[in-house]
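File shown: query.cif. Contents: mmCIF, C-alpha atoms; chains and numbers go by the auth columns.
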data_final
#
loop_
_atom_site.group_PDB
_atom_site.id
_atom_site.type_symbol
_atom_site.label_atom_id
_atom_site.label_comp_id
_atom_site.label_asym_id
_atom_site.label_seq_id
_atom_site.Cartn_x
_atom_site.Cartn_y
_atom_site.Cartn_z
_atom_site.B_iso_or_equiv
_atom_site.auth_seq_id
_atom_site.auth_asym_id
ATOM 1 C CA MET A 1 50.814 -50.678 -25.705 0.00 74 A
ATOM 2 C CA ASN A 2 49.830 -50.166 -22.067 0.00 75 A
ATOM 3 C CA THR A 3 47.008 -47.623 -21.861 0.00 76 A
ATOM 4 C CA ASP A 4 47.188 -47.485 -18.048 0.00 77 A
ATOM 5 C CA LEU A 5 50.267 -45.253 -18.121 0.00 78 A
ATOM 6 C CA LEU A 6 50.038 -41.493 -17.812 0.00 79 A
ATOM 7 C CA PRO A 7 50.988 -39.671 -20.973 0.00 80 A
ATOM 8 C CA LYS A 8 54.513 -38.289 -20.697 0.00 81 A
ATOM 9 C CA GLU A 9 53.148 -34.748 -21.132 0.00 82 A
ATOM 10 C CA SER A 10 51.527 -35.093 -17.707 0.00 83 A
ATOM 11 C CA TYR A 11 54.987 -34.675 -16.176 0.00 84 A
ATOM 12 C CA SER A 12 55.942 -31.504 -18.044 0.00 85 A
ATOM 13 C CA ASP A 13 52.724 -29.693 -19.005 0.00 86 A
ATOM 14 C CA PRO A 14 52.426 -26.307 -17.210 0.00 87 A
ATOM 15 C CA LEU A 15 48.623 -26.536 -17.130 0.00 88 A
ATOM 16 C CA THR A 16 48.785 -29.935 -15.424 0.00 89 A
ATOM 17 C CA LEU A 17 51.184 -28.500 -12.839 0.00 90 A
ATOM 18 C CA GLU A 18 48.877 -25.553 -12.183 0.00 91 A
ATOM 19 C CA ARG A 19 45.888 -27.878 -11.693 0.00 92 A
ATOM 20 C CA GLU A 20 47.923 -30.029 -9.286 0.00 93 A
ATOM 21 C CA LYS A 21 48.953 -26.959 -7.277 0.00 94 A
ATOM 22 C CA GLN A 22 45.347 -25.779 -6.977 0.00 95 A
ATOM 23 C CA ARG A 23 43.754 -29.183 -6.375 0.00 96 A
ATOM 24 C CA ILE A 24 46.467 -31.025 -4.432 0.00 97 A
ATOM 25 C CA PHE A 25 49.392 -29.056 -3.007 0.00 98 A
ATOM 26 C CA TYR A 26 47.443 -26.018 -1.758 0.00 99 A
ATOM 27 C CA ARG A 27 44.686 -28.203 -0.263 0.00 100 A
ATOM 28 C CA THR A 28 46.500 -31.042 1.484 0.00 101 A
ATOM 29 C CA TRP A 29 48.415 -31.226 4.735 0.00 102 A
ATOM 30 C CA GLN A 30 52.176 -30.894 4.265 0.00 103 A
ATOM 31 C CA LEU A 31 54.757 -32.097 6.764 0.00 104 A
ATOM 32 C CA ALA A 32 56.670 -28.986 7.822 0.00 105 A
ATOM 33 C CA ALA A 33 58.939 -29.933 10.722 0.00 106 A
ATOM 34 C CA HIS A 34 59.457 -31.885 13.896 0.00 107 A
ATOM 35 C CA VAL A 35 58.742 -29.979 17.107 0.00 108 A
ATOM 36 C CA SER A 36 62.350 -30.545 18.192 0.00 109 A
ATOM 37 C CA GLN A 37 63.349 -28.019 15.504 0.00 110 A
ATOM 38 C CA LEU A 38 61.185 -25.337 17.117 0.00 111 A
ATOM 39 C CA GLN A 39 61.994 -25.484 20.815 0.00 112 A
ATOM 40 C CA GLU A 40 62.582 -21.827 21.742 0.00 113 A
ATOM 41 C CA PRO A 41 60.589 -18.655 21.040 0.00 114 A
ATOM 42 C CA GLY A 42 61.704 -17.268 17.689 0.00 115 A
ATOM 43 C CA ASP A 43 62.841 -20.632 16.284 0.00 116 A
ATOM 44 C CA TYR A 44 61.520 -20.991 12.739 0.00 117 A
ATOM 45 C CA VAL A 45 61.609 -23.326 9.755 0.00 118 A
ATOM 46 C CA CYS A 46 60.658 -22.537 6.164 0.00 119 A
ATOM 47 C CA LEU A 47 59.239 -24.846 3.565 0.00 120 A
ATOM 48 C CA GLU A 48 58.155 -24.597 -0.024 0.00 121 A
ATOM 49 C CA VAL A 49 54.733 -25.888 -0.995 0.00 122 A
ATOM 50 C CA ALA A 50 54.830 -25.902 -4.785 0.00 123 A
ATOM 51 C CA ASP A 51 55.565 -22.230 -5.551 0.00 124 A
ATOM 52 C CA GLN A 52 54.489 -20.868 -2.150 0.00 125 A
ATOM 53 C CA SER A 53 56.843 -20.220 0.741 0.00 126 A
ATOM 54 C CA VAL A 54 55.580 -20.827 4.283 0.00 127 A
ATOM 55 C CA PHE A 55 57.266 -20.573 7.663 0.00 128 A
ATOM 56 C CA VAL A 56 56.472 -22.041 11.065 0.00 129 A
ATOM 57 C CA ILE A 57 57.623 -20.143 14.143 0.00 130 A
ATOM 58 C CA ARG A 58 57.357 -20.561 17.898 0.00 131 A
ATOM 59 C CA GLY A 59 55.883 -17.500 19.600 0.00 132 A
ATOM 60 C CA LYS A 60 56.864 -15.967 22.915 0.00 133 A
ATOM 61 C CA ASP A 61 53.726 -17.602 24.320 0.00 134 A
ATOM 62 C CA GLY A 62 55.094 -21.023 23.310 0.00 135 A
ATOM 63 C CA GLN A 63 52.537 -21.519 20.533 0.00 136 A
ATOM 64 C CA LEU A 64 53.537 -22.651 17.067 0.00 137 A
ATOM 65 C CA ARG A 65 52.109 -20.637 14.182 0.00 138 A
ATOM 66 C CA ALA A 66 52.426 -20.810 10.414 0.00 139 A
ATOM 67 C CA PHE A 67 52.430 -17.897 7.968 0.00 140 A
ATOM 68 C CA TYR A 68 53.044 -17.228 4.322 0.00 141 A
ATOM 69 C CA ASN A 69 56.670 -16.116 4.009 0.00 142 A
ATOM 70 C CA VAL A 70 55.623 -12.814 2.446 0.00 143 A
ATOM 71 C CA CYS A 71 55.918 -9.270 3.783 0.00 144 A
ATOM 72 C CA GLN A 72 52.603 -7.439 3.660 0.00 145 A
ATOM 73 C CA HIS A 73 54.246 -4.297 2.284 0.00 146 A
ATOM 74 C CA ARG A 74 55.692 -5.225 -1.102 0.00 147 A
ATOM 75 C CA GLY A 75 55.405 -9.016 -1.093 0.00 148 A
ATOM 76 C CA ASN A 76 59.092 -9.660 -0.513 0.00 149 A
ATOM 77 C CA ARG A 77 60.143 -12.987 0.971 0.00 150 A
ATOM 78 C CA ILE A 78 60.912 -12.477 4.661 0.00 151 A
ATOM 79 C CA PHE A 79 63.094 -15.487 5.459 0.00 152 A
ATOM 80 C CA THR A 80 65.639 -16.693 2.935 0.00 153 A
ATOM 81 C CA SER A 81 67.253 -19.394 5.078 0.00 154 A
ATOM 82 C CA GLU A 82 65.647 -22.777 5.804 0.00 155 A
ATOM 83 C CA SER A 83 65.694 -22.313 9.564 0.00 156 A
ATOM 84 C CA GLY A 84 66.979 -20.138 12.356 0.00 157 A
ATOM 85 C CA SER A 85 65.977 -18.107 15.367 0.00 158 A
ATOM 86 C CA VAL A 86 64.872 -14.460 15.584 0.00 159 A
ATOM 87 C CA GLN A 87 63.592 -11.998 18.168 0.00 160 A
ATOM 88 C CA GLN A 88 61.222 -10.405 15.653 0.00 161 A
ATOM 89 C CA VAL A 89 60.232 -11.237 12.100 0.00 162 A
ATOM 90 C CA ALA A 90 61.758 -8.543 9.894 0.00 163 A
ATOM 91 C CA CYS A 91 61.498 -8.003 6.165 0.00 164 A
ATOM 92 C CA PRO A 92 64.984 -7.428 4.743 0.00 165 A
ATOM 93 C CA TYR A 93 63.640 -5.154 1.986 0.00 166 A
ATOM 94 C CA HIS A 94 62.018 -2.164 3.742 0.00 167 A
ATOM 95 C CA GLY A 95 62.365 -3.208 7.391 0.00 168 A
ATOM 96 C CA TRP A 96 58.763 -3.899 8.321 0.00 169 A
ATOM 97 C CA ARG A 97 58.799 -5.816 11.602 0.00 170 A
ATOM 98 C CA TYR A 98 56.317 -8.343 12.902 0.00 171 A
ATOM 99 C CA ALA A 99 55.904 -9.889 16.358 0.00 172 A
ATOM 100 C CA LEU A 100 56.385 -13.641 16.602 0.00 173 A
ATOM 101 C CA ASP A 101 52.578 -13.980 16.527 0.00 174 A
ATOM 102 C CA GLY A 102 52.428 -12.311 13.098 0.00 175 A
ATOM 103 C CA ARG A 103 51.199 -8.868 14.180 0.00 176 A
ATOM 104 C CA LEU A 104 52.737 -5.921 12.348 0.00 177 A
ATOM 105 C CA VAL A 105 54.514 -3.909 15.060 0.00 178 A
ATOM 106 C CA GLU A 106 56.855 -1.501 13.274 0.00 179 A
ATOM 107 C CA VAL A 107 56.845 0.320 9.960 0.00 180 A
ATOM 108 C CA PRO A 108 59.729 2.652 9.178 0.00 181 A
ATOM 109 C CA ASP A 109 58.416 6.114 8.227 0.00 182 A
ATOM 110 C CA ALA A 110 54.829 5.059 8.942 0.00 183 A
ATOM 111 C CA GLU A 111 53.799 8.721 9.144 0.00 184 A
ATOM 112 C CA ARG A 112 54.574 9.117 5.435 0.00 185 A
ATOM 113 C CA PHE A 113 51.823 6.692 4.360 0.00 186 A
ATOM 114 C CA CYS A 114 48.750 8.383 2.955 0.00 187 A
ATOM 115 C CA PRO A 115 46.178 7.330 3.844 0.00 188 A
ATOM 116 C CA ALA A 116 47.459 6.353 7.266 0.00 189 A
ATOM 117 C CA LEU A 117 48.561 2.757 7.585 0.00 190 A
ATOM 118 C CA ASP A 118 46.325 0.429 9.614 0.00 191 A
ATOM 119 C CA LYS A 119 48.797 -2.022 11.178 0.00 192 A
ATOM 120 C CA GLY A 120 45.961 -4.352 12.194 0.00 193 A
ATOM 121 C CA GLN A 121 45.140 -4.915 8.523 0.00 194 A
ATOM 122 C CA ARG A 122 48.748 -5.708 7.571 0.00 195 A
ATOM 123 C CA SER A 123 49.575 -8.617 9.853 0.00 196 A
ATOM 124 C CA LEU A 124 51.164 -11.702 8.310 0.00 197 A
ATOM 125 C CA LYS A 125 48.734 -14.040 6.556 0.00 198 A
ATOM 126 C CA SER A 126 48.357 -17.233 8.549 0.00 199 A
ATOM 127 C CA VAL A 127 48.323 -20.813 7.337 0.00 200 A
ATOM 128 C CA GLN A 128 46.583 -23.697 9.132 0.00 201 A
ATOM 129 C CA LEU A 129 48.867 -25.608 11.474 0.00 202 A
ATOM 130 C CA ALA A 130 48.317 -28.917 13.261 0.00 203 A
ATOM 131 C CA LEU A 131 50.460 -31.194 15.400 0.00 204 A
ATOM 132 C CA TRP A 132 50.534 -34.950 15.475 0.00 205 A
ATOM 133 C CA ALA A 133 53.013 -37.149 17.379 0.00 206 A
ATOM 134 C CA GLY A 134 55.684 -34.464 17.502 0.00 207 A
ATOM 135 C CA THR A 135 55.331 -33.529 13.844 0.00 208 A
ATOM 136 C CA VAL A 136 54.204 -30.132 12.568 0.00 209 A
ATOM 137 C CA TRP A 137 51.914 -29.918 9.545 0.00 210 A
ATOM 138 C CA VAL A 138 50.601 -26.979 7.508 0.00 211 A
ATOM 139 C CA ASN A 139 47.724 -26.560 5.101 0.00 212 A
ATOM 140 C CA MET A 140 47.039 -23.458 2.997 0.00 213 A
ATOM 141 C CA ASP A 141 43.345 -24.316 2.588 0.00 214 A
ATOM 142 C CA PRO A 142 41.404 -22.616 5.415 0.00 215 A
ATOM 143 C CA GLY A 143 38.546 -25.070 4.865 0.00 216 A
ATOM 144 C CA ALA A 144 40.641 -28.236 4.964 0.00 217 A
ATOM 145 C CA LYS A 145 39.473 -31.143 7.066 0.00 218 A
ATOM 146 C CA PRO A 146 41.378 -31.736 10.329 0.00 219 A
ATOM 147 C CA LEU A 147 44.816 -33.341 10.105 0.00 220 A
ATOM 148 C CA LYS A 148 43.680 -36.449 12.007 0.00 221 A
ATOM 149 C CA ASP A 149 40.937 -37.040 9.419 0.00 222 A
ATOM 150 C CA TYR A 150 43.462 -36.548 6.621 0.00 223 A
ATOM 151 C CA LEU A 151 45.970 -39.001 8.126 0.00 224 A
ATOM 152 C CA GLY A 152 43.276 -41.575 8.925 0.00 225 A
ATOM 153 C CA THR A 153 44.605 -45.067 9.623 0.00 226 A
ATOM 154 C CA ILE A 154 48.210 -43.913 9.253 0.00 227 A
ATOM 155 C CA ILE A 155 47.913 -42.638 12.836 0.00 228 A
ATOM 156 C CA ASP A 156 47.341 -46.151 14.186 0.00 229 A
ATOM 157 C CA ASN A 157 49.958 -47.680 11.910 0.00 230 A
ATOM 158 C CA LEU A 158 52.680 -45.235 12.979 0.00 231 A
ATOM 159 C CA ALA A 159 51.749 -44.856 16.675 0.00 232 A
ATOM 160 C CA PRO A 160 54.192 -47.598 17.811 0.00 233 A
ATOM 161 C CA TYR A 161 57.138 -45.513 16.543 0.00 234 A
ATOM 162 C CA HIS A 162 56.488 -42.649 19.017 0.00 235 A
ATOM 163 C CA PHE A 163 57.690 -39.807 16.794 0.00 236 A
ATOM 164 C CA GLU A 164 56.923 -37.422 19.652 0.00 237 A
ATOM 165 C CA ASN A 165 59.934 -38.872 21.542 0.00 238 A
ATOM 166 C CA MET A 166 62.345 -38.402 18.635 0.00 239 A
ATOM 167 C CA LEU A 167 64.678 -35.551 17.766 0.00 240 A
ATOM 168 C CA LEU A 168 65.744 -34.454 14.323 0.00 241 A
ATOM 169 C CA ALA A 169 69.403 -35.402 14.104 0.00 242 A
ATOM 170 C CA LYS A 170 70.187 -34.343 10.552 0.00 243 A
ATOM 171 C CA HIS A 171 68.572 -33.116 7.354 0.00 244 A
ATOM 172 C CA GLN A 172 69.639 -35.200 4.418 0.00 245 A
ATOM 173 C CA THR A 173 68.792 -34.854 0.748 0.00 246 A
ATOM 174 C CA VAL A 174 69.715 -37.563 -1.699 0.00 247 A
ATOM 175 C CA SER A 175 69.664 -37.036 -5.450 0.00 248 A
ATOM 176 C CA LEU A 176 69.306 -40.075 -7.631 0.00 249 A
ATOM 177 C CA ASP A 177 69.869 -40.254 -11.340 0.00 250 A
ATOM 178 C CA ALA A 178 66.564 -41.968 -12.063 0.00 251 A
#

Could you rewrite the structure in this file as structure tokens?
Amino acid sequence: MNTDLLPKESYSDPLTLEREKQRIFYRTWQLAAHVSQLQEPGDYVCLEVADQSVFVIRGKDGQLRAFYNVCQHRGNRIFTSESGSVQQVACPYHGWRYALDGRLVEVPDAERFCPALDKGQRSLKSVQLALWAGTVWVNMDPGAKPLKDYLGTIIDNLAPYHFENMLLAKHQTVSLDA
């Protein structure tokens, strides 16, 4: 019997999954997109990091930003499609609207909130974002080391491919019975 193998429970145990989310997925850089997918203000892409939804969007100022895909009113998911383009970020549930930089700009019936709503405290929650060679990366850990440190020698190994000159031609998912 080979004792070097992981026990099969490691692949299905909920506690193991929770530890991996906390120690790995929420703390490491995740590839989110290629910059060619986010060319115009309002262009966005969504991704799932374990059980968290994140989106990357290009602002009117040309900057890319990443946020949790969660409205700050009732926690509803804002975007339900993988990608698209918008003028404003709007929650489909109660209609809260955010600028492309994540600031809360409109709340329907805001005068009915008691105490009064402080829009500055209800902006979208940001996620770290970094660029490398035309690729967009996110990290939910505010204290994570820089992307270049995380990638290390991969940067030199992949530099000859010039990802920054490429365009995403097609998304493709392949399922294998393995």

Practice problem: May I have the residues within 8 Å of Val159 in chain A as a VMD selection string, using only C-alpha atoms and disregarding those fewer than 5 positions away in the same chain? | Solution: chain A and resid 115 to 117

Self-check item: Best match for closeness to Glu237 in chain A among A:Ala106, A:Ala172, A:Leu249, A:Leu137, counting all atoms listed in the file
Solution: A:Ala106

Practice problem: Return as a ChimeraX atom specification the set of residues that the PyMOL selection byres ((chain A and resi 220-233) around 10) yields on the displayed structure. | Solution: /A:101-103,201-206,210-212,217-219,234-237

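Note that the spacing between CA of Pro181 in chain A and CA of Thr153 in chain A amounts to 21.2 Å.
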
Exercise. Find the spatial neighbours of Arg131 in chain A, counting all atoms listed in the file, within a cut-off of 10 Å - ignore same-chain residues fewer than 5 positions away - and output them as a ChimeraX atom specification.
Key: /A:108,110-118,136-139,158-159,173-174

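For the pair CA of Ser199 in chain A and CA of Asp214 in chain A, the interatomic distance is 10.5 Å.
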
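Shortest separation to Glu179 in chain A among A:Gln161, A:Tyr166, A:Gln95, A:Pro87 occurs at residue A:Gln161, atoms counted being only C-alpha atoms.
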
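If you look at CA of Gly207 in chain A and CA of Gln125 in chain A, they are 23.9 Å away from each other.
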
Self-check item: For Gln160 in chain A, the nearest of the candidates A:Lys198, A:Arg176, A:Lys133, A:Arg100, counting all atoms listed in the file
Solution: A:Lys133

Exercise. Would you translate the PyMOL selection byres ((chain A and resi 149) around 12) into the concrete set of residues it matches in this file, as a VMD selection string?
Key: chain A and resid 126 141 to 148 150 to 153 163 to 169

Would you save the residues of that selection, restricted to C-alpha atoms, as a PDB file, in the coordinates of the input?
ATOM      1  CA  SER A 126      56.843 -20.220   0.741  1.00  0.00           C
ATOM      2  CA  TYR A 141      53.044 -17.228   4.322  1.00  0.00           C
ATOM      3  CA  ASN A 142      56.670 -16.116   4.009  1.00  0.00           C
ATOM      4  CA  VAL A 143      55.623 -12.814   2.446  1.00  0.00           C
ATOM      5  CA  CYS A 144      55.918  -9.270   3.783  1.00  0.00           C
ATOM      6  CA  GLN A 145      52.603  -7.439   3.660  1.00  0.00           C
ATOM      7  CA  HIS A 146      54.246  -4.297   2.284  1.00  0.00           C
ATOM      8  CA  ARG A 147      55.692  -5.225  -1.102  1.00  0.00           C
ATOM      9  CA  GLY A 148      55.405  -9.016  -1.093  1.00  0.00           C
ATOM     10  CA  ARG A 150      60.143 -12.987   0.971  1.00  0.00           C
ATOM     11  CA  ILE A 151      60.912 -12.477   4.661  1.00  0.00           C
ATOM     12  CA  PHE A 152      63.094 -15.487   5.459  1.00  0.00           C
ATOM     13  CA  THR A 153      65.639 -16.693   2.935  1.00  0.00           C
ATOM     14  CA  ALA A 163      61.758  -8.543   9.894  1.00  0.00           C
ATOM     15  CA  CYS A 164      61.498  -8.003   6.165  1.00  0.00           C
ATOM     16  CA  PRO A 165      64.984  -7.428   4.743  1.00  0.00           C
ATOM     17  CA  TYR A 166      63.640  -5.154   1.986  1.00  0.00           C
ATOM     18  CA  HIS A 167      62.018  -2.164   3.742  1.00  0.00           C
ATOM     19  CA  GLY A 168      62.365  -3.208   7.391  1.00  0.00           C
ATOM     20  CA  TRP A 169      58.763  -3.899   8.321  1.00  0.00           C
TER      21      TRP A 169
END

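Comparing the minimum interatomic distances between Tyr171 in chain A and each of A:Leu79, A:Phe140, A:Glu155, A:Phe186, counting all atoms listed in the file, we find that A:Phe140 sits nearest.
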
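Distance check against Ile97 in chain A using only C-alpha atoms: of A:Cys119, A:Ser248, A:Met213, A:Leu78, the minimum falls on A:Met213.
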
Test item: axis-aligned box, all listed atoms of range 193-201 of chain A, 6 Å on each side, centre and edges in Å rounded to one decimal, as JSON:
{"center_x": 48.2, "center_y": -14.0, "center_z": 9.4, "size_x": 18.0, "size_y": 31.3, "size_z": 17.6}

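Taken over the whole file, the PyMOL selection byres ((chain A and resi 191) around 12) covers exactly Gln145, His146, Arg176, Leu177, Val178, Glu179, Val180, Ala183, Glu184, Phe186, Cys187, Pro188, Ala189, Leu190, Lys192, Gly193, Gln194, Arg195 and Ser196 of chain A.
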
Residues just named, written with C-alpha atoms as a compact mmCIF listing (two decimals), in the frame of the given file:
# COMPACT_ATOMS: atom_id res chain seq x y z
CA GLN A 145 52.60 -7.44 3.66
CA HIS A 146 54.25 -4.30 2.28
CA ARG A 176 51.20 -8.87 14.18
CA LEU A 177 52.74 -5.92 12.35
CA VAL A 178 54.51 -3.91 15.06
CA GLU A 179 56.86 -1.50 13.27
CA VAL A 180 56.84 0.32 9.96
CA ALA A 183 54.83 5.06 8.94
CA GLU A 184 53.80 8.72 9.14
CA PHE A 186 51.82 6.69 4.36
CA CYS A 187 48.75 8.38 2.96
CA PRO A 188 46.18 7.33 3.84
CA ALA A 189 47.46 6.35 7.27
CA LEU A 190 48.56 2.76 7.58
CA LYS A 192 48.80 -2.02 11.18
CA GLY A 193 45.96 -4.35 12.19
CA GLN A 194 45.14 -4.92 8.52
CA ARG A 195 48.75 -5.71 7.57
CA SER A 196 49.58 -8.62 9.85
